[in-house]
$ cat target.cif   # mmCIF, C-alpha atoms
data_my_file
loop_
_atom_site.label_atom_id
_atom_site.label_comp_id
_atom_site.auth_asym_id
_atom_site.auth_seq_id
_atom_site.Cartn_x
_atom_site.Cartn_y
_atom_site.Cartn_z
CA MET A 1 -117.80 36.98 -90.31
CA GLU A 2 -120.40 37.75 -92.96
CA LEU A 3 -122.93 35.03 -93.64
CA THR A 4 -123.24 34.15 -97.30
CA GLU A 5 -126.55 33.27 -98.93
CA ARG A 6 -125.59 29.61 -98.73
CA HIS A 7 -124.94 29.94 -95.01
CA VAL A 8 -128.37 31.47 -94.49
CA GLU A 9 -129.99 28.69 -96.53
CA GLY A 10 -128.08 26.07 -94.55
CA LEU A 11 -128.99 27.73 -91.26
CA LYS A 12 -132.67 27.79 -92.17
CA HIS A 13 -132.51 24.12 -93.08
CA LEU A 14 -130.85 23.37 -89.75
CA LEU A 15 -133.36 25.47 -87.78
CA TYR A 16 -136.36 23.89 -89.49
CA ASN A 17 -134.98 20.41 -88.77
CA MET A 18 -134.53 21.22 -85.12
CA ALA A 19 -137.74 23.17 -84.57
CA ASP A 20 -139.90 20.61 -86.41
CA ASP A 21 -138.38 17.74 -84.41
CA LEU A 22 -139.18 19.59 -81.19
CA LEU A 23 -142.70 20.56 -82.19
CA ILE A 24 -143.66 17.09 -83.39
CA LEU A 25 -142.11 15.19 -80.49
CA GLY A 26 -143.50 17.77 -78.06
CA HIS A 27 -146.95 17.12 -79.50
CA ARG A 28 -146.45 13.35 -79.48
CA ASN A 29 -145.26 13.26 -75.87
CA SER A 30 -148.14 15.47 -74.79
CA GLU A 31 -150.46 12.65 -75.88
CA TRP A 32 -149.48 11.05 -72.56
CA THR A 33 -150.99 13.93 -70.61
CA GLY A 34 -153.67 12.52 -68.35
CA MET A 35 -152.70 8.94 -69.19
CA GLY A 36 -149.19 8.66 -67.80
CA PRO A 37 -148.29 5.61 -65.72
CA ILE A 38 -148.51 7.49 -62.42
CA LEU A 39 -149.61 11.02 -61.60
CA GLU A 40 -146.17 12.45 -60.88
CA GLU A 41 -144.63 10.94 -64.01
CA ASP A 42 -147.58 12.16 -66.07
CA ILE A 43 -146.83 15.70 -64.90
CA ALA A 44 -143.08 15.37 -65.42
CA PHE A 45 -143.44 13.96 -68.94
CA SER A 46 -146.06 16.57 -69.90
CA SER A 47 -143.86 19.31 -68.55
CA MET A 48 -140.95 18.12 -70.67
CA ALA A 49 -143.27 18.02 -73.70
CA GLN A 50 -144.09 21.66 -72.99
CA ASP A 51 -140.37 22.44 -72.77
CA LYS A 52 -140.02 21.06 -76.28
CA ILE A 53 -142.84 23.19 -77.66
CA GLY A 54 -141.24 26.23 -75.99
CA GLN A 55 -137.87 25.40 -77.52
CA SER A 56 -139.43 24.97 -80.95
CA LEU A 57 -141.06 28.41 -80.59
CA ALA A 58 -137.69 29.98 -79.78
CA LEU A 59 -136.25 28.46 -82.96
CA TYR A 60 -139.25 29.42 -85.14
CA ASN A 61 -138.77 32.95 -83.80
CA ILE A 62 -135.19 32.97 -85.06
CA LEU A 63 -136.48 31.77 -88.43
CA HIS A 64 -139.05 34.56 -88.39
CA GLU A 65 -136.28 37.09 -87.77
CA MET A 66 -134.53 35.62 -90.80
CA GLY A 67 -137.54 36.38 -92.98
CA GLU A 68 -139.66 33.24 -92.59
CA GLN A 69 -143.32 33.44 -91.64
CA GLU A 70 -144.74 33.83 -88.13
CA PRO A 71 -144.26 30.83 -85.81
CA ASP A 72 -148.00 30.00 -85.73
CA VAL A 73 -148.24 30.08 -89.50
CA VAL A 74 -145.14 27.94 -89.88
CA ALA A 75 -146.34 25.46 -87.25
CA PHE A 76 -149.98 25.17 -88.26
CA THR A 77 -150.25 25.62 -92.01
CA ARG A 78 -147.70 23.29 -93.55
CA ASN A 79 -148.59 19.77 -94.59
CA SER A 80 -146.37 16.80 -93.92
CA THR A 81 -144.24 17.07 -97.07
CA ASN A 82 -143.13 20.53 -95.93
CA PHE A 83 -142.10 19.33 -92.49
CA HIS A 84 -138.46 18.54 -91.85
CA CYS A 85 -138.77 16.37 -88.76
CA ALA A 86 -136.94 13.05 -88.52
CA LYS A 87 -138.93 9.81 -88.66
CA LEU A 88 -138.06 8.98 -85.06
CA VAL A 89 -140.23 11.77 -83.66
CA GLU A 90 -143.36 11.09 -85.75
CA LEU A 91 -143.89 7.51 -84.67
CA PRO A 92 -146.91 6.94 -82.40
CA ILE A 93 -146.26 6.95 -78.67
CA GLY A 94 -146.75 3.19 -78.41
CA GLU A 95 -146.49 1.90 -74.88
CA TYR A 96 -144.63 3.80 -72.19
CA ASP A 97 -141.43 1.82 -72.65
CA PHE A 98 -141.19 2.96 -76.27
CA SER A 99 -141.92 6.58 -75.40
CA LEU A 100 -139.27 6.52 -72.68
CA VAL A 101 -136.63 4.96 -74.91
CA ARG A 102 -137.38 7.44 -77.70
CA HIS A 103 -137.18 10.28 -75.17
CA PHE A 104 -133.80 8.93 -74.03
CA LEU A 105 -132.38 8.64 -77.57
CA TYR A 106 -133.83 11.94 -78.76
CA ASP A 107 -132.98 14.11 -75.79
CA TYR A 108 -129.38 12.94 -75.76
CA ALA A 109 -129.13 13.90 -79.43
CA ASP A 110 -130.61 17.31 -78.66
CA ALA A 111 -128.36 17.86 -75.68
CA VAL A 112 -125.33 17.17 -77.88
CA LYS A 113 -126.62 19.42 -80.65
CA PHE A 114 -127.46 22.32 -78.33
CA ASP A 115 -124.08 22.01 -76.71
CA MET A 116 -122.33 22.14 -80.09
CA LEU A 117 -124.47 25.07 -81.20
CA SER A 118 -123.92 27.06 -78.04
CA LYS A 119 -120.46 27.72 -79.51
CA SER A 120 -121.84 28.73 -82.91
CA ILE A 121 -120.73 32.01 -84.47
CA PHE A 122 -124.41 32.59 -85.29
CA GLU A 123 -125.13 34.35 -81.99
CA PRO A 124 -128.98 34.26 -81.94
CA LEU A 125 -128.90 30.47 -82.13
CA ALA A 126 -125.95 30.11 -79.75
CA GLN A 127 -127.81 32.21 -77.22
CA VAL A 128 -131.03 30.17 -77.18
CA CYS A 129 -129.05 26.93 -77.11
CA ARG A 130 -127.28 28.08 -73.97
CA LYS A 131 -130.70 28.84 -72.48
CA PHE A 132 -131.99 25.34 -73.32
CA ARG A 133 -129.13 23.71 -71.43
CA GLY A 134 -130.85 23.45 -68.03
CA GLU A 135 -134.00 21.93 -69.48
CA LEU A 136 -132.03 19.41 -71.44
CA LYS A 137 -129.97 18.47 -68.43
CA TYR A 138 -133.14 17.58 -66.58
CA HIS A 139 -134.53 15.69 -69.59
CA THR A 140 -131.45 13.50 -69.91
CA MET A 141 -131.33 13.01 -66.14
CA HIS A 142 -134.96 11.86 -66.24
CA ALA A 143 -134.24 9.51 -69.15
CA ASN A 144 -131.14 8.06 -67.49
CA ILE A 145 -132.84 7.25 -64.22
CA TRP A 146 -135.84 5.59 -65.86
CA ILE A 147 -133.76 3.58 -68.33
CA LYS A 148 -131.54 2.28 -65.53
CA ASP A 149 -134.35 1.62 -63.06
CA LEU A 150 -136.64 -0.14 -65.50
CA THR A 151 -133.86 -2.23 -66.98
CA ASN A 152 -133.05 -3.39 -63.47
CA GLY A 153 -136.68 -3.80 -62.39
CA ASN A 154 -137.79 -7.29 -63.29
CA GLU A 155 -137.59 -9.61 -66.28
CA GLU A 156 -140.59 -8.08 -68.00
CA SER A 157 -139.41 -4.49 -67.59
CA LYS A 158 -135.94 -5.41 -68.84
CA LYS A 159 -137.37 -7.18 -71.88
CA ARG A 160 -139.62 -4.24 -72.65
CA MET A 161 -136.72 -1.81 -72.49
CA GLN A 162 -134.56 -3.99 -74.74
CA ASP A 163 -137.38 -4.57 -77.26
CA SER A 164 -138.12 -0.84 -77.45
CA LEU A 165 -134.45 -0.06 -77.78
CA ASN A 166 -134.11 -2.58 -80.61
CA LEU A 167 -136.99 -0.85 -82.37
CA ALA A 168 -136.05 2.79 -81.72
CA TYR A 169 -132.24 2.72 -81.89
CA PRO A 170 -131.87 2.19 -85.66
CA ILE A 171 -134.61 4.76 -86.32
CA ALA A 172 -132.79 7.29 -84.12
CA TYR A 173 -130.20 7.55 -86.89
CA SER A 174 -132.86 9.46 -88.82
CA LEU A 175 -131.89 12.41 -86.61
CA PHE A 176 -128.45 12.60 -88.17
CA GLU A 177 -129.40 12.68 -91.84
CA THR A 178 -126.74 14.81 -93.51
CA ASN A 179 -127.36 17.52 -96.05
CA GLU A 180 -125.59 19.54 -98.72
CA TYR A 181 -124.78 22.36 -96.29
CA GLU A 182 -122.96 20.34 -93.65
CA ALA A 183 -119.40 21.06 -94.80
CA GLU A 184 -119.97 24.77 -95.37
CA LEU A 185 -121.66 25.33 -92.01
CA LYS A 186 -118.84 23.48 -90.31
CA GLU A 187 -116.18 25.49 -92.06
CA ALA A 188 -117.90 28.75 -91.14
CA GLY A 189 -118.11 27.77 -87.47
CA ILE A 190 -121.92 27.75 -87.52
CA PHE A 191 -122.51 24.07 -86.78
CA ALA A 192 -119.94 21.30 -86.55
CA GLY A 193 -122.31 18.94 -88.38
CA GLU A 194 -124.63 15.97 -88.02
CA SER A 195 -121.81 13.44 -88.43
CA GLU A 196 -119.94 14.95 -85.49
CA GLN A 197 -123.16 15.12 -83.46
CA LYS A 198 -123.84 11.45 -84.20
CA LYS A 199 -120.36 10.45 -83.05
CA ILE A 200 -120.72 12.15 -79.66
CA TRP A 201 -124.33 10.96 -79.26
CA LYS A 202 -123.40 7.34 -79.95
CA LYS A 203 -120.63 7.44 -77.40
CA GLU A 204 -122.94 8.88 -74.75
CA VAL A 205 -126.05 6.75 -75.29
CA ASP A 206 -124.05 3.57 -75.72
CA ALA A 207 -122.41 4.20 -72.36
CA VAL A 208 -125.81 4.53 -70.65
CA ILE A 209 -127.13 1.46 -72.48
CA LEU A 210 -124.21 -0.67 -71.33
CA GLU A 211 -124.20 0.72 -67.83
CA SER A 212 -127.90 -0.09 -67.51
CA GLY A 213 -127.31 -3.68 -68.56
CA LEU A 214 -128.93 -3.47 -71.99
CA THR A 215 -127.41 -4.59 -75.28
CA ILE A 216 -126.55 -2.09 -77.99
CA PRO A 217 -128.67 -3.02 -81.02
CA MET A 218 -127.05 -3.71 -84.38
CA VAL A 219 -127.63 -1.11 -87.07
CA LYS A 220 -127.18 -2.55 -90.54
CA ASN A 221 -127.72 0.62 -92.51
CA GLU A 222 -127.74 3.99 -90.79
CA GLU A 223 -129.58 5.56 -93.71
CA ASP A 224 -132.57 3.20 -93.67
CA HIS A 225 -134.80 5.75 -91.99
CA HIS A 226 -133.48 8.91 -93.60
CA GLY A 227 -135.76 11.15 -95.66
CA GLY A 228 -137.56 13.19 -93.01
CA ARG A 229 -135.28 16.18 -93.53
CA VAL A 230 -136.42 16.44 -97.16
CA GLY A 231 -140.10 15.85 -96.51
CA ASN A 232 -140.39 12.08 -96.87
CA HIS A 233 -142.28 10.90 -93.84
CA THR A 234 -144.01 7.88 -92.38
CA GLU A 235 -147.78 7.58 -92.65
CA HIS A 236 -148.02 8.72 -89.02
CA LEU A 237 -147.12 12.38 -89.52
CA GLN A 238 -150.12 13.68 -91.48
CA PRO A 239 -152.76 12.43 -88.99
CA LEU A 240 -150.76 14.07 -86.20
CA LEU A 241 -150.72 17.37 -88.12
CA ASP A 242 -154.45 17.12 -88.84
CA GLU A 243 -155.12 16.82 -85.14
CA MET A 244 -152.60 19.45 -84.07
CA THR A 245 -153.89 22.05 -86.53
CA GLU A 246 -157.62 21.38 -86.08
CA VAL A 247 -158.44 24.56 -84.15
CA PHE A 248 -156.24 26.71 -86.35
CA GLN A 249 -157.94 25.36 -89.48
CA ILE A 250 -161.39 26.23 -88.12
CA ASP A 251 -160.40 29.77 -87.17
CA PRO A 252 -156.86 30.99 -87.82
CA THR A 253 -157.53 34.20 -85.87
CA ALA A 254 -158.88 32.46 -82.76
CA ASP A 255 -157.36 33.67 -79.53
CA TRP A 256 -156.45 30.67 -77.33
CA MET B 1 -182.31 9.83 -48.40
CA LYS B 2 -179.46 7.80 -47.20
CA ILE B 3 -176.20 9.19 -48.43
CA ILE B 4 -174.09 6.40 -49.81
CA SER B 5 -171.41 8.53 -51.33
CA LEU B 6 -170.06 12.06 -51.22
CA ASP B 7 -170.23 12.10 -55.00
CA PRO B 8 -173.78 13.23 -55.93
CA ARG B 9 -173.59 11.37 -59.24
CA VAL B 10 -173.30 8.12 -57.36
CA ASN B 11 -176.30 8.95 -55.18
CA ARG B 12 -178.43 9.81 -58.19
CA SER B 13 -177.42 6.83 -60.28
CA SER B 14 -179.78 3.93 -60.65
CA ILE B 15 -177.18 1.34 -59.79
CA ASN B 16 -178.71 -1.25 -57.51
CA LYS B 17 -177.75 -0.28 -54.06
CA THR B 18 -176.67 -3.08 -51.87
CA GLU B 19 -176.43 -2.96 -48.16
CA GLU B 20 -173.24 -4.94 -48.26
CA THR B 21 -170.24 -3.13 -46.93
CA VAL B 22 -167.59 -2.81 -49.55
CA ILE B 23 -164.15 -3.14 -48.13
CA LEU B 24 -161.71 -1.08 -50.11
CA GLU B 25 -158.51 -2.81 -50.92
CA LYS B 26 -155.32 -1.13 -49.94
CA LEU B 27 -154.19 1.06 -52.82
CA ASP B 28 -151.29 -0.25 -54.79
CA GLN B 29 -149.17 2.87 -54.49
CA PHE B 30 -145.52 3.72 -54.18
CA GLN B 31 -144.30 5.03 -50.86
CA THR B 32 -144.30 8.78 -50.40
CA TYR B 33 -141.42 11.19 -50.01
CA GLU B 34 -141.64 14.62 -48.42
CA VAL B 35 -140.19 17.41 -50.52
CA PHE B 36 -138.27 20.43 -49.23
CA ALA B 37 -137.29 23.21 -51.59
CA GLN B 38 -134.80 26.00 -51.19
CA THR B 39 -135.36 29.21 -53.14
CA LYS B 40 -131.96 30.75 -52.51
CA ARG B 41 -128.64 29.38 -51.39
CA GLY B 42 -128.22 29.89 -47.66
CA THR B 43 -131.94 30.10 -46.87
CA HIS B 44 -133.97 27.37 -45.19
CA HIS B 45 -135.41 24.48 -47.13
CA VAL B 46 -139.18 24.72 -46.88
CA HIS B 47 -141.59 21.81 -46.97
CA VAL B 48 -143.59 22.09 -50.19
CA GLY B 49 -145.45 18.78 -50.47
CA SER B 50 -144.95 15.11 -51.19
CA VAL B 51 -144.54 12.73 -54.13
CA HIS B 52 -145.09 9.02 -54.70
CA ALA B 53 -141.94 7.32 -55.94
CA ALA B 54 -140.21 3.97 -56.03
CA ASN B 55 -136.87 5.32 -54.81
CA GLU B 56 -134.94 8.48 -53.95
CA ASN B 57 -133.76 9.15 -57.50
CA ILE B 58 -137.25 9.02 -58.93
CA ALA B 59 -138.55 11.07 -56.00
CA MET B 60 -136.02 13.77 -56.83
CA LEU B 61 -137.07 13.75 -60.50
CA PHE B 62 -140.71 14.08 -59.56
CA ALA B 63 -140.12 16.69 -56.87
CA LYS B 64 -138.42 18.95 -59.39
CA GLU B 65 -141.36 18.89 -61.79
CA GLN B 66 -144.14 18.96 -59.18
CA TYR B 67 -142.79 21.69 -56.97
CA ALA B 68 -140.05 23.61 -58.72
CA ARG B 69 -141.06 23.90 -62.34
CA ARG B 70 -142.39 27.45 -62.03
CA GLY B 71 -140.87 29.23 -59.09
CA GLU B 72 -137.33 29.90 -58.12
CA CYS B 73 -135.46 26.93 -56.72
CA VAL B 74 -131.79 26.12 -56.26
CA ASN B 75 -131.96 22.91 -54.26
CA ILE B 76 -134.32 20.13 -53.29
CA TRP B 77 -134.34 17.60 -50.47
CA VAL B 78 -136.49 14.48 -50.45
CA VAL B 79 -137.04 12.43 -47.33
CA LYS B 80 -139.05 9.23 -46.98
CA THR B 81 -142.30 10.14 -45.24
CA ALA B 82 -141.86 7.04 -43.11
CA ASP B 83 -138.57 8.45 -41.81
CA VAL B 84 -140.21 11.57 -40.42
CA SER B 85 -140.96 11.50 -36.71
CA ALA B 86 -143.91 13.58 -35.64
CA THR B 87 -145.76 14.51 -32.48
CA GLU B 88 -149.31 13.27 -31.99
CA TYR B 89 -152.12 15.75 -32.49
CA GLU B 90 -153.63 14.61 -29.20
CA ASP B 91 -150.48 15.90 -27.55
CA SER B 92 -150.77 19.29 -29.13
CA ASP B 93 -151.40 20.78 -25.69
CA ILE B 94 -147.67 20.49 -25.09
CA PHE B 95 -147.40 23.63 -27.19
CA ASP B 96 -149.71 25.54 -24.86
CA THR B 97 -147.75 27.76 -22.56
CA LEU B 98 -148.50 30.58 -20.18
CA ASP B 99 -148.05 33.92 -21.83
CA GLU B 100 -146.96 35.93 -18.79
CA LYS B 101 -143.32 35.14 -19.29
CA TYR B 102 -142.00 38.51 -20.35
CA HIS B 103 -138.47 37.38 -19.68
CA ARG B 104 -138.76 35.10 -22.69
CA ASN B 105 -139.87 37.72 -25.11
CA PRO B 106 -137.21 39.65 -26.95
CA GLU B 107 -139.19 42.84 -26.28
CA SER B 108 -138.03 42.76 -22.69
CA TYR B 109 -134.39 43.20 -23.57
CA LYS B 110 -133.03 46.66 -23.14
CA VAL B 111 -131.27 46.39 -26.44
CA MET B 112 -134.66 46.56 -28.15
CA ASP B 113 -134.82 50.26 -27.39
CA ARG B 114 -131.58 50.79 -29.21
CA ILE B 115 -132.75 48.65 -32.15
CA LYS B 116 -135.98 50.61 -32.36
CA ALA B 117 -134.11 53.88 -32.24
CA TYR B 118 -131.79 52.70 -34.99
CA LYS B 119 -134.73 51.60 -37.18
CA GLU B 120 -136.47 54.93 -36.71
CA LYS B 121 -133.30 56.71 -37.64
CA GLY B 122 -133.09 54.58 -40.77
CA ASN B 123 -136.62 55.48 -41.72
CA GLN B 124 -136.02 59.19 -41.57
#

$ encode --input "target.cif" --output "structure tokens"
Amino acid sequence: MELTERHVEGLKHLLYNMADDLLILGHRNSEWTGMGPILEEDIAFSSMAQDKIGQSLALYNILHEMGEQEPDVVAFTRNSTNFHCAKLVELPIGEYDFSLVRHFLYDYADAVKFDMLSKSIFEPLAQVCRKFRGELKYHTMHANIWIKDLTNGNEESKKRMQDSLNLAYPIAYSLFETNEYEAELKEAGIFAGESEQKKIWKKEVDAVILESGLTIPMVKNEEDHHGGRVGNHTEHLQPLLDEMTEVFQIDPTADW
Amino acid sequence: MKIISLDPRVNRSSINKTEETVILEKLDQFQTYEVFAQTKRGTHHVHVGSVHAANENIAMLFAKEQYARRGECVNIWVVKTADVSATEYEDSDIFDTLDEKYHRNPESYKVMDRIKAYKEKGNQ
């Protein structure tokens, strides 16, 4: 099947959403490096953050093949209004309970998306998504075990998990912000869409939440935190970008 | 100079040195698990190190990232360090044995000649 111009536009939008989410959350989670709760968890969490940066690079590479700029240029020279990441991933790391709950909600959403996309007719994307599968399986396994263990730890750990879930769960809907291309991409067999992804995600995370003994938070309006996909961000994104791009700004040709 | 620490920065610092013995409190750490990794199905699991963890599940999570994130690995075992029985180092002389027991060495079997001959043939 030939891709129309609209398909290419929609694909680029989709790829930027995904790659920017991964880059920003990868950077955020790497802020725990050296400060994780215990040495082994510090290494595990940092390693997963690196997985995310690697996945974002693979997606920026596809974009580059589609005519967009080099991955480094795309990652380091845009300001926040040109980023497409969802609000969930830009929020500060907070305390470890928040970071873990965000990791749980986000990585489940990614696992669902990659699984859907591994059947895409757009082969370059389908191929990398199949490659990501193993990493994502570990990430969700890691999230599951921690969510269950900490919820069943003691009163304080349970309360912390529930409080963080109450905070992060409604914001996680920012990941599923729909766009004008959704129907066309679905029809073409490129991506079955954010609404479908949300449905599967909700089923899966809610099952883990209930099984752990937590309560599923109420979400009054799923669109409350939308906007990231079109460049409307929280005040937390620009400072993150300033820090992330510091070296590149000083010397864009630096070898490092 | 009396060495009070193996860290030279501590020895050089001007902190008032007291003669009091400081008793270190027991570290508040999780128990350890020994990690065994297998690089290929059918081969032996090899001891690769240990991790601190609250339970088996967490130990498995940690073992994967500490010891299998770069190399090849198809399977991991974790075993509580406390569950491992070991010989005492002071008994290590039990491993000493006379070396004049040719009958124990595979070289003394006649079949070795045939194996050697086969290997040489293969090398030609």

$ resolve_selection --input "target.cif" --expression "the PyMOL selection byres ((chain A and resi 94-99) around 9)" --output "ChimeraX atom specification"
/A:29,32,36-37,91-93,100-104,147,150,157,160-161,163-165,167-168

$ write_last_selection --input "target.cif" --atoms "C-alpha atoms" --output "JSON list (two decimals), in the coordinates of the input"
[["chain", "number", "residue", "atom", "x", "y", "z"],
["A", 29, "ASN", "CA", -145.26, 13.26, -75.87],
["A", 32, "TRP", "CA", -149.48, 11.05, -72.56],
["A", 36, "GLY", "CA", -149.19, 8.66, -67.80],
["A", 37, "PRO", "CA", -148.29, 5.61, -65.72],
["A", 91, "LEU", "CA", -143.89, 7.51, -84.67],
["A", 92, "PRO", "CA", -146.91, 6.94, -82.40],
["A", 93, "ILE", "CA", -146.26, 6.95, -78.67],
["A", 100, "LEU", "CA", -139.27, 6.52, -72.68],
["A", 101, "VAL", "CA", -136.63, 4.96, -74.91],
["A", 102, "ARG", "CA", -137.38, 7.44, -77.70],
["A", 103, "HIS", "CA", -137.18, 10.28, -75.17],
["A", 104, "PHE", "CA", -133.80, 8.93, -74.03],
["A", 147, "ILE", "CA", -133.76, 3.58, -68.33],
["A", 150, "LEU", "CA", -136.64, -0.14, -65.50],
["A", 157, "SER", "CA", -139.41, -4.49, -67.59],
["A", 160, "ARG", "CA", -139.62, -4.24, -72.65],
["A", 161, "MET", "CA", -136.72, -1.81, -72.49],
["A", 163, "ASP", "CA", -137.38, -4.57, -77.26],
["A", 164, "SER", "CA", -138.12, -0.84, -77.45],
["A", 165, "LEU", "CA", -134.45, -0.06, -77.78],
["A", 167, "LEU", "CA", -136.99, -0.85, -82.37],
["A", 168, "ALA", "CA", -136.05, 2.79, -81.72]]

$ axis_aligned_box --input "target.cif" --around "range 48-58 of chain B" --padding-each-side "6 Å" --output "JSON"
{"center_x": -139.6, "center_y": 13.0, "center_z": -54.6, "size_x": 23.7, "size_y": 30.1, "size_z": 20.7}

$ closest_residue --input "target.cif" --among "A:Lys137, A:Arg130, A:Lys113, A:His27" --to "chain B" --atoms "all atoms listed in the file"
A:Lys137

$ residues_around --input "target.cif" --residues "Glu72 in chain B" --least-positions-apart "3" --cutoff "12 Å" --atoms "only C-alpha atoms" --output "list in words"
Ala37, Gln38, Thr39, Lys40, Arg41, Lys64, Tyr67, Ala68, Arg69, Asn75 and Ile76 of chain B

$ resolve_selection --input "target.cif" --expression "the PyMOL selection byres ((chain A) within 12 of (chain B))" --output "VMD selection string"
chain A and resid 37 to 48 50 to 51 134 to 135 137 to 150 153

$ resolve_selection --input "target.cif" --expression "the PyMOL selection byres ((chain A and resi 55) around 9)" --output "JSON, numbers by chain"
{"A": [19, 22, 23, 50, 51, 52, 53, 54, 56, 57, 58, 59, 60, 128, 129, 132]}

$ closest_residue --input "target.cif" --among "B:Trp77, B:Tyr33, B:Tyr102, B:Tyr89" --to "His45 in chain B" --atoms "all atoms listed in the file"
B:Trp77

$ atom_distance --input "target.cif" --atom1 "CA of Tyr106 in chain A" --atom2 "CA of Glu223 in chain A"
16.8 Å

$ atom_distance --input "target.cif" --atom1 "CA of Glu5 in chain A" --atom2 "CA of Tyr173 in chain A"
28.6 Å

$ atom_distance --input "target.cif" --atom1 "CA of Phe76 in chain A" --atom2 "CA of Thr245 in chain A"
5.3 Å

$ closest_residue --input "target.cif" --among "A:Leu25, A:Glu90, A:Asn17, A:Met35" --to "Glu235 in chain A" --atoms "all atoms listed in the file"
A:Glu90

$ decode --input "target.cif" --residues "range 30-42 of chain B" --atoms "N, CA and C atoms" --output "mmCIF file, in the first residue's frame"
data_model
loop_
_atom_site.group_PDB
_atom_site.id
_atom_site.type_symbol
_atom_site.label_atom_id
_atom_site.label_comp_id
_atom_site.auth_asym_id
_atom_site.auth_seq_id
_atom_site.Cartn_x
_atom_site.Cartn_y
_atom_site.Cartn_z
ATOM 1 N N PHE B 30 19.426 -5.192 53.169
ATOM 2 C CA PHE B 30 18.652 -6.387 52.844
ATOM 3 C C PHE B 30 19.576 -7.600 52.837
ATOM 4 N N GLN B 31 18.997 -8.763 52.940
ATOM 5 C CA GLN B 31 19.785 -9.989 52.809
ATOM 6 C C GLN B 31 20.345 -10.082 51.387
ATOM 7 N N THR B 32 21.338 -10.944 51.221
ATOM 8 C CA THR B 32 21.904 -11.082 49.877
ATOM 9 C C THR B 32 21.457 -12.383 49.226
ATOM 10 N N TYR B 33 21.461 -12.346 47.928
ATOM 11 C CA TYR B 33 21.153 -13.514 47.096
ATOM 12 C C TYR B 33 22.330 -13.743 46.152
ATOM 13 N N GLU B 34 22.682 -14.986 45.960
ATOM 14 C CA GLU B 34 23.736 -15.319 45.005
ATOM 15 C C GLU B 34 23.096 -15.505 43.627
ATOM 16 N N VAL B 35 23.775 -15.001 42.620
ATOM 17 C CA VAL B 35 23.211 -15.021 41.273
ATOM 18 C C VAL B 35 23.997 -15.960 40.362
ATOM 19 N N PHE B 36 23.259 -16.798 39.648
ATOM 20 C CA PHE B 36 23.866 -17.737 38.690
ATOM 21 C C PHE B 36 23.249 -17.470 37.326
ATOM 22 N N ALA B 37 24.103 -17.274 36.339
ATOM 23 C CA ALA B 37 23.582 -16.962 35.003
ATOM 24 C C ALA B 37 23.979 -18.038 34.009
ATOM 25 N N GLN B 38 23.078 -18.264 33.068
ATOM 26 C CA GLN B 38 23.317 -19.260 32.030
ATOM 27 C C GLN B 38 23.364 -18.542 30.678
ATOM 28 N N THR B 39 24.437 -18.752 29.931
ATOM 29 C CA THR B 39 24.577 -18.006 28.675
ATOM 30 C C THR B 39 23.890 -18.705 27.509
ATOM 31 N N LYS B 40 23.688 -20.006 27.645
ATOM 32 C CA LYS B 40 23.085 -20.755 26.546
ATOM 33 C C LYS B 40 22.298 -21.903 27.143
ATOM 34 N N ARG B 41 21.153 -22.199 26.583
ATOM 35 C CA ARG B 41 20.350 -23.290 27.095
ATOM 36 C C ARG B 41 21.143 -24.594 27.050
ATOM 37 N N GLY B 42 21.134 -25.328 28.154
ATOM 38 C CA GLY B 42 21.841 -26.595 28.175
ATOM 39 C C GLY B 42 23.215 -26.505 28.814
#
